[in-house]
>>> print(open('structure-v5.tsv').read())   # TSV, C-alpha atoms and all ligand atoms
chain	number	residue	atom	x	y	z
A	21	MET	CA	-27.09	40.48	-7.32
A	22	THR	CA	-23.45	40.12	-6.22
A	23	PRO	CA	-21.29	39.79	-9.33
A	24	ALA	CA	-19.22	36.63	-9.74
A	25	VAL	CA	-16.20	38.78	-10.60
A	26	ARG	CA	-15.72	42.51	-10.50
A	27	CYS	CA	-12.39	44.06	-11.57
A	28	THR	CA	-11.95	47.79	-11.13
A	29	GLY	CA	-8.99	49.64	-12.62
A	30	LEU	CA	-6.89	46.48	-12.41
A	31	ARG	CA	-3.23	46.87	-13.28
A	32	HIS	CA	-0.17	44.64	-13.28
A	33	ALA	CA	3.32	45.23	-14.62
A	34	PHE	CA	6.25	42.83	-14.99
A	35	GLY	CA	9.13	45.29	-14.74
A	36	ALA	CA	8.67	47.70	-17.64
A	37	THR	CA	6.00	45.51	-19.31
A	38	VAL	CA	2.49	46.61	-18.39
A	39	ALA	CA	0.47	43.40	-18.82
A	40	VAL	CA	-2.85	44.67	-17.42
A	41	ASP	CA	-3.52	48.36	-17.73
A	42	GLY	CA	-6.64	49.66	-15.98
A	43	LEU	CA	-8.96	46.74	-16.65
A	44	ASP	CA	-12.66	46.97	-15.73
A	45	LEU	CA	-14.70	43.78	-15.89
A	46	LEU	CA	-18.02	42.57	-14.53
A	47	ILE	CA	-19.05	38.93	-14.73
A	48	GLU	CA	-22.58	38.01	-13.68
A	49	PRO	CA	-23.21	34.96	-11.51
A	50	GLY	CA	-24.04	31.84	-13.51
A	51	GLU	CA	-22.88	33.07	-16.90
A	52	VAL	CA	-20.31	31.55	-19.24
A	53	PHE	CA	-17.97	34.43	-19.91
A	54	GLY	CA	-15.15	34.42	-22.47
A	55	LEU	CA	-12.02	36.53	-22.19
A	56	LEU	CA	-10.65	36.91	-25.71
A	57	GLY	CA	-7.63	38.68	-27.09
A	58	PRO	CA	-4.40	38.20	-29.04
A	59	ASN	CA	-1.29	36.70	-27.49
A	60	GLY	CA	0.10	39.04	-24.91
A	61	ALA	CA	-3.20	40.91	-24.38
A	62	GLY	CA	-3.02	40.20	-20.63
A	63	LYS	CA	-5.63	37.44	-20.28
A	64	THR	CA	-3.53	34.99	-18.27
A	65	THR	CA	-2.18	37.74	-16.03
A	66	THR	CA	-5.75	38.86	-15.30
A	67	ILE	CA	-6.81	35.31	-14.51
A	68	ARG	CA	-3.81	34.73	-12.28
A	69	MET	CA	-4.77	37.80	-10.27
A	70	ILE	CA	-8.40	36.69	-10.00
A	71	THR	CA	-7.25	33.26	-8.76
A	72	THR	CA	-4.92	34.93	-6.16
A	73	LEU	CA	-1.80	33.45	-7.80
A	74	LEU	CA	-0.52	36.95	-8.54
A	75	PRO	CA	-1.04	39.70	-5.97
A	76	ALA	CA	-3.69	42.35	-6.66
A	77	PRO	CA	-4.13	45.55	-4.63
A	78	PRO	CA	-7.18	45.81	-2.31
A	79	ASP	CA	-10.40	47.08	-3.90
A	80	THR	CA	-9.45	46.03	-7.42
A	81	ILE	CA	-10.92	42.48	-7.59
A	82	GLU	CA	-13.97	41.00	-5.93
A	83	VAL	CA	-14.95	37.34	-6.35
A	84	LEU	CA	-18.56	36.66	-5.28
A	85	GLY	CA	-18.42	39.64	-2.96
A	86	ARG	CA	-15.00	38.83	-1.41
A	87	ASP	CA	-12.05	41.12	-1.89
A	88	VAL	CA	-9.21	39.05	-3.38
A	89	ALA	CA	-6.49	40.98	-1.54
A	90	ARG	CA	-8.20	40.94	1.87
A	91	ASP	CA	-9.85	37.54	1.79
A	92	ARG	CA	-7.52	35.32	-0.18
A	93	THR	CA	-8.37	32.04	1.54
A	94	ALA	CA	-12.12	32.54	1.17
A	95	VAL	CA	-11.67	33.36	-2.52
A	96	ARG	CA	-9.56	30.23	-3.08
A	97	ARG	CA	-12.33	28.10	-1.62
A	98	LEU	CA	-14.80	29.51	-4.14
A	99	ILE	CA	-12.66	28.89	-7.22
A	100	GLY	CA	-11.79	25.94	-9.43
A	101	TYR	CA	-8.90	26.59	-11.82
A	102	VAL	CA	-7.73	24.73	-14.91
A	103	PRO	CA	-4.43	26.36	-15.91
A	104	GLN	CA	-2.88	26.37	-19.38
A	105	GLN	CA	-0.07	24.08	-18.27
A	106	LEU	CA	-0.64	20.41	-17.71
A	107	SER	CA	-1.72	19.88	-14.11
A	108	ALA	CA	-2.22	16.07	-14.08
A	109	ASP	CA	0.48	13.54	-13.17
A	110	GLY	CA	0.80	10.84	-15.82
A	111	THR	CA	2.09	8.19	-13.45
A	112	LEU	CA	-1.01	8.42	-11.25
A	113	THR	CA	-4.43	7.07	-12.19
A	114	GLY	CA	-7.26	9.45	-13.00
A	115	ARG	CA	-8.79	8.77	-9.61
A	116	GLU	CA	-5.48	9.36	-7.77
A	117	ASN	CA	-5.02	12.67	-9.58
A	118	VAL	CA	-8.45	13.92	-8.56
A	119	ALA	CA	-7.98	12.57	-5.00
A	120	LEU	CA	-4.79	14.62	-4.73
A	121	PHE	CA	-6.79	17.77	-5.44
A	122	ALA	CA	-9.49	16.72	-2.97
A	123	ARG	CA	-6.75	16.60	-0.30
A	124	LEU	CA	-5.30	19.90	-1.48
A	125	TYR	CA	-8.72	21.56	-1.16
A	126	ASP	CA	-8.98	20.01	2.30
A	127	LEU	CA	-12.31	18.31	1.61
A	128	PRO	CA	-13.58	16.38	4.63
A	129	ARG	CA	-11.94	12.93	4.66
A	130	ARG	CA	-15.23	11.01	4.94
A	131	ALA	CA	-16.71	12.61	1.83
A	132	ARG	CA	-13.58	12.51	-0.30
A	133	ALA	CA	-13.93	9.17	-2.12
A	134	GLU	CA	-17.52	9.97	-3.02
A	135	GLN	CA	-16.72	13.47	-4.26
A	136	VAL	CA	-13.78	12.20	-6.31
A	137	ALA	CA	-16.01	9.57	-7.93
A	138	ALA	CA	-18.71	12.20	-8.61
A	139	ALA	CA	-16.19	14.57	-10.24
A	140	LEU	CA	-14.85	11.75	-12.47
A	141	ASP	CA	-18.38	10.78	-13.39
A	142	ALA	CA	-19.26	14.40	-14.22
A	143	VAL	CA	-16.50	14.47	-16.86
A	144	SER	CA	-17.34	10.98	-18.19
A	145	LEU	CA	-14.14	9.33	-16.96
A	146	ALA	CA	-15.65	6.94	-14.42
A	147	ASP	CA	-14.91	3.92	-16.64
A	148	VAL	CA	-11.21	4.72	-17.04
A	149	ALA	CA	-10.65	6.23	-13.58
A	150	ASP	CA	-8.23	3.49	-12.53
A	151	ARG	CA	-6.00	3.74	-15.59
A	152	GLN	CA	-2.78	5.77	-15.43
A	153	ALA	CA	-3.30	9.26	-16.84
A	154	LYS	CA	-0.42	8.72	-19.29
A	155	THR	CA	-2.69	6.36	-21.23
A	156	TYR	CA	-5.32	9.09	-21.71
A	157	SER	CA	-5.84	11.03	-24.95
A	158	GLY	CA	-5.50	14.84	-24.97
A	159	GLY	CA	-9.25	15.27	-24.60
A	160	MET	CA	-9.44	12.82	-21.70
A	161	LEU	CA	-6.56	14.61	-19.97
A	162	ARG	CA	-8.36	17.91	-20.27
A	163	ARG	CA	-11.50	16.36	-18.81
A	164	LEU	CA	-9.38	14.90	-15.99
A	165	GLU	CA	-8.06	18.38	-15.23
A	166	LEU	CA	-11.64	19.60	-15.27
A	167	ALA	CA	-12.51	16.95	-12.66
A	168	GLN	CA	-9.57	18.12	-10.53
A	169	ALA	CA	-10.97	21.65	-10.60
A	170	LEU	CA	-14.57	20.50	-10.01
A	171	VAL	CA	-13.91	18.23	-7.03
A	172	SER	CA	-14.25	21.11	-4.57
A	173	ALA	CA	-17.65	22.11	-6.06
A	174	PRO	CA	-16.44	25.61	-7.04
A	175	ARG	CA	-18.87	28.51	-7.49
A	176	LEU	CA	-16.53	29.99	-10.10
A	177	LEU	CA	-14.70	27.77	-12.60
A	178	ILE	CA	-11.80	29.41	-14.42
A	179	LEU	CA	-10.27	27.77	-17.48
A	180	ASP	CA	-7.25	29.11	-19.35
A	181	GLU	CA	-7.47	27.93	-22.98
A	182	PRO	CA	-9.14	24.63	-22.10
A	183	THR	CA	-9.40	23.24	-25.60
A	184	VAL	CA	-6.10	24.27	-27.20
A	185	GLY	CA	-4.61	21.39	-29.16
A	186	LEU	CA	-7.75	19.28	-29.11
A	187	ASP	CA	-9.57	17.99	-32.18
A	188	PRO	CA	-13.18	19.17	-32.73
A	189	VAL	CA	-14.71	16.05	-31.18
A	190	ALA	CA	-12.55	16.30	-28.05
A	191	ARG	CA	-13.32	20.03	-27.82
A	192	GLU	CA	-17.02	19.37	-27.87
A	193	GLY	CA	-16.51	16.66	-25.25
A	194	VAL	CA	-14.89	19.21	-22.91
A	195	TRP	CA	-17.60	21.84	-23.54
A	196	ASP	CA	-20.36	19.32	-23.16
A	197	ARG	CA	-19.12	18.44	-19.67
A	198	ILE	CA	-18.57	22.08	-18.64
A	199	GLU	CA	-22.10	22.95	-19.71
A	200	ALA	CA	-23.66	19.93	-18.02
A	201	VAL	CA	-22.01	20.77	-14.69
A	202	ARG	CA	-22.94	24.43	-15.07
A	203	ALA	CA	-26.58	23.54	-15.71
A	204	GLU	CA	-26.62	21.34	-12.64
A	205	THR	CA	-24.79	23.61	-10.19
A	206	GLY	CA	-25.32	27.14	-11.52
A	207	MET	CA	-21.58	27.85	-11.21
A	208	THR	CA	-20.07	30.75	-13.16
A	209	VAL	CA	-17.56	29.89	-15.89
A	210	LEU	CA	-14.73	32.19	-16.98
A	211	VAL	CA	-12.76	30.94	-19.94
A	212	THR	CA	-9.98	32.32	-22.13
A	213	THR	CA	-9.76	31.13	-25.70
A	214	HIS	CA	-8.32	32.02	-29.07
A	215	ALA	CA	-11.00	30.01	-30.82
A	216	MET	CA	-13.60	32.55	-31.93
A	217	GLN	CA	-16.11	29.99	-33.17
A	218	GLU	CA	-15.96	28.25	-29.82
A	219	ALA	CA	-16.51	31.53	-27.95
A	220	ASP	CA	-19.40	32.33	-30.26
A	221	GLU	CA	-21.05	28.97	-29.60
A	222	HIS	CA	-20.46	28.58	-25.89
A	223	CYS	CA	-20.05	31.99	-24.23
A	224	GLU	CA	-23.05	34.09	-23.24
A	225	ARG	CA	-20.87	37.19	-23.12
A	226	VAL	CA	-17.30	37.90	-24.12
A	227	ALA	CA	-14.77	40.65	-23.43
A	228	LEU	CA	-12.20	41.51	-26.07
A	229	MET	CA	-8.89	42.39	-24.47
A	230	HIS	CA	-6.08	44.22	-26.15
A	231	ARG	CA	-2.93	45.65	-24.58
A	232	GLY	CA	-4.10	45.11	-21.03
A	233	ARG	CA	-7.58	46.60	-21.39
A	234	VAL	CA	-11.09	45.55	-22.28
A	235	ARG	CA	-11.92	47.06	-25.69
A	236	ALA	CA	-15.44	45.66	-26.07
A	237	VAL	CA	-17.83	43.55	-24.06
A	238	GLY	CA	-21.20	41.99	-24.83
A	239	SER	CA	-22.94	38.92	-26.17
A	240	PRO	CA	-21.39	37.53	-29.36
A	241	ALA	CA	-24.65	38.36	-31.15
A	242	ALA	CA	-24.63	42.01	-29.97
A	243	LEU	CA	-20.94	42.49	-30.83
A	244	LYS	CA	-21.40	41.02	-34.29
A	245	GLY	CA	-24.59	42.99	-34.82
A	246	ALA	CA	-22.85	46.25	-33.95
A	247	LEU	CA	-20.37	45.63	-36.76
A	248	GLY	CA	-22.96	44.98	-39.44
A	249	PRO	CA	-24.84	42.18	-41.13
A	250	GLY	CA	-22.85	39.03	-41.78
A	251	ALA	CA	-20.07	39.96	-39.36
A	252	THR	CA	-18.36	37.06	-37.57
A	253	LEU	CA	-16.74	37.11	-34.14
A	254	ASP	CA	-13.42	36.94	-36.02
A	255	ASP	CA	-14.34	40.27	-37.66
A	256	VAL	CA	-15.21	41.69	-34.22
A	257	PHE	CA	-11.87	40.48	-32.90
A	258	ARG	CA	-9.97	42.09	-35.78
A	259	HIS	CA	-11.96	45.30	-35.47
A	260	HIS	CA	-11.06	45.76	-31.81
A	261	THR	CA	-7.50	44.44	-31.80
A	262	GLY	CA	-6.59	46.16	-35.06
A	263	ASP	CA	-3.03	46.56	-36.27
A	264	ALA	CA	-1.38	44.42	-33.62
A	265	LEU	CA	-3.13	41.30	-34.90
A	266	ALA	CA	-0.78	40.38	-37.73
A	267	PRO	CA	2.62	40.18	-35.98
A	268	GLU	CA	1.18	38.84	-32.74
A	269	THR	CA	-0.77	36.16	-34.54
A	270	GLU	CA	2.40	35.05	-36.26
A	271	ASN	CA	4.19	34.95	-32.94
A	272	GLY	CA	1.13	33.31	-31.39
A	273	GLY	CA	1.25	30.64	-34.07
A	274	ILE	CA	4.46	29.24	-32.71
A	275	ARG	CA	3.34	29.70	-29.13
A	276	ASP	CA	0.01	28.07	-29.88
A	277	VAL	CA	1.64	25.08	-31.52
A	278	ARG	CA	3.95	24.69	-28.57
A	279	ALA	CA	1.07	24.96	-26.15
A	280	ALA	CA	-0.97	22.55	-28.23
A	281	ARG	CA	1.82	19.99	-28.27
A	282	ARG	CA	2.31	20.36	-24.54
A	283	THR	CA	-1.34	19.66	-23.91
A	284	ALA	CA	-1.97	17.03	-26.55
A	285	ARG	CA	1.20	15.03	-25.84
A	286	ARG	CA	0.58	12.00	-23.73
A	287	VAL	CA	2.19	12.52	-20.37
A	288	GLY	CA	4.97	10.17	-19.34
B	301	LIG	N1	6.15	36.21	-15.77
B	301	LIG	C1	6.27	37.19	-16.67
B	301	LIG	N2	7.38	37.97	-16.71
B	301	LIG	C2	7.49	38.98	-17.60
B	301	LIG	N3	6.55	39.31	-18.50
B	301	LIG	C3	5.43	38.58	-18.51
B	301	LIG	C4	5.24	37.48	-17.59
B	301	LIG	N4	4.01	36.95	-17.84
B	301	LIG	C5	3.47	37.67	-18.86
B	301	LIG	N5	4.32	38.65	-19.26
B	301	LIG	C6	4.07	39.65	-20.32
B	301	LIG	O1	2.85	40.31	-20.01
B	301	LIG	C7	2.07	40.51	-21.19
B	301	LIG	C8	0.73	39.84	-21.03
B	301	LIG	O2	0.92	38.42	-20.99
B	301	LIG	P1	-0.26	37.38	-20.72
B	301	LIG	O3	0.36	36.03	-20.65
B	301	LIG	O4	-1.08	37.83	-19.59
B	301	LIG	O5	-1.11	37.53	-22.06
B	301	LIG	P2	-2.19	36.56	-22.68
B	301	LIG	O6	-3.25	37.44	-23.24
B	301	LIG	O7	-2.59	35.56	-21.68
B	301	LIG	O8	-1.41	35.85	-23.86
B	301	LIG	P3	-1.54	34.33	-24.43
B	301	LIG	O9	-2.77	34.33	-25.25
B	301	LIG	O10	-0.32	34.19	-25.25
B	301	LIG	O11	-1.58	33.39	-23.27
B	301	LIG	C9	2.91	39.99	-22.35
B	301	LIG	O12	3.61	41.07	-22.91
B	301	LIG	C10	3.84	39.01	-21.68
B	301	LIG	O13	5.04	38.89	-22.41
>>> encode(input="structure-v5.tsv", output="structure tokens", more="lines below")
Ligand SMILES: Nc1ncnc2c1ncn2[C@@H]1O[C@H](COP(=O)(O)OP(=O)(O)OP(=O)(O)O)[C@@H](O)[C@H]1O
Amino acid sequence: MTPAVRCTGLRHAFGATVAVDGLDLLIEPGEVFGLLGPNGAGKTTTIRMITTLLPAPPDTIEVLGRDVARDRTAVRRLIGYVPQQLSADGTLTGRENVALFARLYDLPRRARAEQVAAALDAVSLADVADRQAKTYSGGMLRRLELAQALVSAPRLLILDEPTVGLDPVAREGVWDRIEAVRAETGMTVLVTTHAMQEADEHCERVALMHRGRVRAVGSPAALKGALGPGATLDDVFRHHTGDALAPETENGGIRDVRAARRTARRVG
């Protein structure tokens, strides 16, 4: 079967900083795959290359059989992307925000209103679709961004830290919707997260990234099992990311709080 994503020897440097350093990754179609790693591991850079937002050399990334460098437009049509940064406009209603993305994806005009309504319904925002997004809670905003990414019926949904800054109930609300759409459409889901418990619960397989490379890959159960009885995914994470964890976690604390506030803040 054609993999949903295949990265081969992927590399990207920002000046002297090597963010991704010979990354190999294979994501099967239809799976929920988690990309885990400490701050600075290279997760976002990898995702930005897969989504075509950063250039990748030919023959290093394939999305559903299409080479990202050679077939950029085709790849963009296959992907839905929820970035870390807020992508909804608070002054527009939920419906207007999703409609904007429907236009951006160039969906046929006749089908647009229906597809926008279906995407809002899929994330349980149909009832509040005509309220301005600035009145939404953090969890509702995240679900709105999910609807924006889903409106084009993507075969691969990519989410960069989708639940950062959300309370447990809102987190579950986001995951519940992702899983419902996945069950209905069979789309592949690629997600980055720092929340190990969430990855354990919701990802069929995870890759642990550290310093630009994949250090371990497998189902949470297999990775925990390999470490010994009673091991948690947190233990697996520590085992594979080792010494760098302490200082980067400290640094990540501030970054995480900032990111959380950005996401959770009501938009004005
Ligand atoms: N635009 C940029 N310019 C320069 N360096 C960058 C840029 N983007 C990322 N980097 C550096 O590349 C490395 C990988 O960053 P990246 O954001 O991909 O990591 P990450 O695993 O997504 O981290 P986080 O969990 O904090 O989002 C880091 O050292 C980072 O400082």
>>> residues_near_ligand(input="structure-v5.tsv", ligand="ligand LIG 301 (chain B)", cutoff="10 Å", atoms="only C-alpha atoms and all ligand atoms", output="compact mmCIF listing (two decimals) with C-alpha atoms, keeping the file's coordinate frame")
# COMPACT_ATOMS: atom_id res chain seq x y z
CA HIS A 32 -0.17 44.64 -13.28
CA ALA A 33 3.32 45.23 -14.62
CA PHE A 34 6.25 42.83 -14.99
CA GLY A 35 9.13 45.29 -14.74
CA ALA A 36 8.67 47.70 -17.64
CA THR A 37 6.00 45.51 -19.31
CA VAL A 38 2.49 46.61 -18.39
CA ALA A 39 0.47 43.40 -18.82
CA VAL A 40 -2.85 44.67 -17.42
CA LEU A 55 -12.02 36.53 -22.19
CA LEU A 56 -10.65 36.91 -25.71
CA GLY A 57 -7.63 38.68 -27.09
CA PRO A 58 -4.40 38.20 -29.04
CA ASN A 59 -1.29 36.70 -27.49
CA GLY A 60 0.10 39.04 -24.91
CA ALA A 61 -3.20 40.91 -24.38
CA GLY A 62 -3.02 40.20 -20.63
CA LYS A 63 -5.63 37.44 -20.28
CA THR A 64 -3.53 34.99 -18.27
CA THR A 65 -2.18 37.74 -16.03
CA THR A 66 -5.75 38.86 -15.30
CA ILE A 67 -6.81 35.31 -14.51
CA ARG A 68 -3.81 34.73 -12.28
CA LEU A 74 -0.52 36.95 -8.54
CA GLN A 104 -2.88 26.37 -19.38
CA ASP A 180 -7.25 29.11 -19.35
CA GLU A 181 -7.47 27.93 -22.98
CA THR A 212 -9.98 32.32 -22.13
CA THR A 213 -9.76 31.13 -25.70
CA HIS A 214 -8.32 32.02 -29.07
CA MET A 229 -8.89 42.39 -24.47
CA HIS A 230 -6.08 44.22 -26.15
CA ARG A 231 -2.93 45.65 -24.58
CA GLY A 232 -4.10 45.11 -21.03
CA GLU A 268 1.18 38.84 -32.74
CA THR A 269 -0.77 36.16 -34.54
CA ASN A 271 4.19 34.95 -32.94
CA GLY A 272 1.13 33.31 -31.39
CA GLY A 273 1.25 30.64 -34.07
CA ARG A 275 3.34 29.70 -29.13
CA ASP A 276 0.01 28.07 -29.88
CA ALA A 279 1.07 24.96 -26.15
>>> residues_near_point(input="structure-v5.tsv", point="(-5.6, 16.0, -6.4)", cutoff="12 Å", atoms="all atoms listed in the file", output="ChimeraX atom specification")
/A:107-109,112-127,132-133,135-136,139-140,164-172
>>> closest_residue(input="structure-v5.tsv", among="A:Thr80, A:Thr252, A:Thr261, A:Gln217", to="Arg235 in chain A", atoms="only C-alpha atoms")
A:Thr261
>>> atom_distance(input="structure-v5.tsv", atom1="CA of Leu106 in chain A", atom2="CA of Met69 in chain A")
19.4 Å
>>> closest_residue(input="structure-v5.tsv", among="A:Pro240, A:Gly185, A:Gly100, A:Gly250", to="Ala173 in chain A", atoms="all atoms listed in the file")
A:Gly100
>>> residues_around(input="structure-v5.tsv", residues="Met160 in chain A", least_positions_apart="5", cutoff="12 Å", atoms="all atoms listed in the file", output="PyMOL selection string")
chain A and resi 108+110+114+140+143-149+151-155+165-167+182-183+186-187+189-194+197+283-287
>>> atom_distance(input="structure-v5.tsv", atom1="CA of Leu177 in chain A", atom2="CA of Val209 in chain A")
4.8 Å
>>> residues_near_point(input="structure-v5.tsv", point="(-18.7, 39.8, -14.9)", cutoff="10 Å", atoms="only C-alpha atoms", output="ChimeraX atom specification")
/A:22-27,44-54,83,208,210,225-227,237
>>> residues_around(input="structure-v5.tsv", residues="Thr93 in chain A", least_positions_apart="5", cutoff="12 Å", atoms="all atoms listed in the file", output="JSON, numbers by chain")
{"A": [71, 72, 73, 83, 86, 87, 88, 98, 99, 125]}
>>> residues_around(input="structure-v5.tsv", residues="Leu179 in chain A", least_positions_apart="3", cutoff="6 Å", atoms="all atoms listed in the file", output="list in words")
Tyr101, Val102, Pro182 and Val211 of chain A
>>> axis_aligned_box(input="structure-v5.tsv", around="range 156-161 of chain A", padding_each_side="3 Å", output="lines of an AutoDock Vina configuration file")
center_x = -7.4
center_y = 12.2
center_z = -22.5
size_x = 10.1
size_y = 12.2
size_z = 11.0
>>> residues_around(input="structure-v5.tsv", residues="Arg31 in chain A", least_positions_apart="4", cutoff="7 Å", atoms="only C-alpha atoms", output="PDB file with C-alpha atoms, keeping the file's coordinate frame")
ATOM      1  CA  VAL A  40      -2.850  44.670 -17.420  1.00  0.00           C
ATOM      2  CA  ASP A  41      -3.520  48.360 -17.730  1.00  0.00           C
ATOM      3  CA  GLY A  42      -6.640  49.660 -15.980  1.00  0.00           C
ATOM      4  CA  LEU A  43      -8.960  46.740 -16.650  1.00  0.00           C
TER       5      LEU A  43
END
>>> atom_distance(input="structure-v5.tsv", atom1="CA of Gly85 in chain A", atom2="CA of Leu176 in chain A")
12.2 Å
>>> closest_residue(input="structure-v5.tsv", among="A:Leu30, A:Leu84, A:Ala76, A:Ile198", to="Cys223 in chain A", atoms="all atoms listed in the file")
A:Ile198
>>> decode(input="structure-v5.tsv", residues="range 34-79 of chain A", atoms="C-alpha atoms", output="mmCIF file, in the first residue's frame")
data_model
loop_
_atom_site.group_PDB
_atom_site.id
_atom_site.type_symbol
_atom_site.label_atom_id
_atom_site.label_comp_id
_atom_site.auth_asym_id
_atom_site.auth_seq_id
_atom_site.Cartn_x
_atom_site.Cartn_y
_atom_site.Cartn_z
ATOM 1 C CA PHE A 34 18.611 27.262 9.296
ATOM 2 C CA GLY A 35 22.067 28.744 8.782
ATOM 3 C CA ALA A 36 24.343 26.836 11.152
ATOM 4 C CA THR A 37 21.411 25.220 13.020
ATOM 5 C CA VAL A 38 20.614 21.769 11.683
ATOM 6 C CA ALA A 39 16.925 21.362 12.563
ATOM 7 C CA VAL A 40 16.300 18.065 10.742
ATOM 8 C CA ASP A 41 19.259 15.766 10.321
ATOM 9 C CA GLY A 42 18.713 12.687 8.159
ATOM 10 C CA LEU A 43 15.161 11.851 9.195
ATOM 11 C CA ASP A 44 13.516 8.616 8.006
ATOM 12 C CA LEU A 45 9.796 8.221 8.623
ATOM 13 C CA LEU A 46 7.017 6.027 7.289
ATOM 14 C CA ILE A 47 3.380 6.722 8.090
ATOM 15 C CA GLU A 48 0.785 4.172 6.992
ATOM 16 C CA PRO A 49 -2.468 5.293 5.386
ATOM 17 C CA GLY A 50 -5.310 5.672 7.867
ATOM 18 C CA GLU A 51 -3.245 5.655 11.039
ATOM 19 C CA VAL A 52 -3.075 8.271 13.786
ATOM 20 C CA PHE A 53 0.631 8.954 14.064
ATOM 21 C CA GLY A 54 2.276 11.073 16.762
ATOM 22 C CA LEU A 55 5.541 12.935 16.308
ATOM 23 C CA LEU A 56 6.977 13.473 19.780
ATOM 24 C CA GLY A 57 10.121 15.141 21.009
ATOM 25 C CA PRO A 58 11.466 17.921 23.225
ATOM 26 C CA ASN A 59 11.393 21.567 22.183
ATOM 27 C CA GLY A 60 13.747 22.110 19.316
ATOM 28 C CA ALA A 61 13.766 18.437 18.230
ATOM 29 C CA GLY A 62 12.740 19.452 14.695
ATOM 30 C CA LYS A 63 9.062 18.432 14.685
ATOM 31 C CA THR A 64 7.625 21.678 13.307
ATOM 32 C CA THR A 65 10.367 21.961 10.696
ATOM 33 C CA THR A 66 9.583 18.407 9.534
ATOM 34 C CA ILE A 67 5.880 19.180 9.347
ATOM 35 C CA ARG A 68 6.477 22.409 7.467
ATOM 36 C CA MET A 69 8.448 20.472 4.865
ATOM 37 C CA ILE A 70 5.746 17.803 4.562
ATOM 38 C CA THR A 71 3.118 20.537 4.051
ATOM 39 C CA THR A 72 5.324 22.214 1.351
ATOM 40 C CA LEU A 73 5.695 25.394 3.440
ATOM 41 C CA LEU A 74 9.448 24.847 3.605
ATOM 42 C CA PRO A 75 11.277 23.521 0.543
ATOM 43 C CA ALA A 76 12.450 19.902 0.552
ATOM 44 C CA PRO A 77 14.776 18.372 -2.054
ATOM 45 C CA PRO A 78 13.276 15.898 -4.576
ATOM 46 C CA ASP A 79 13.097 12.256 -3.468
#
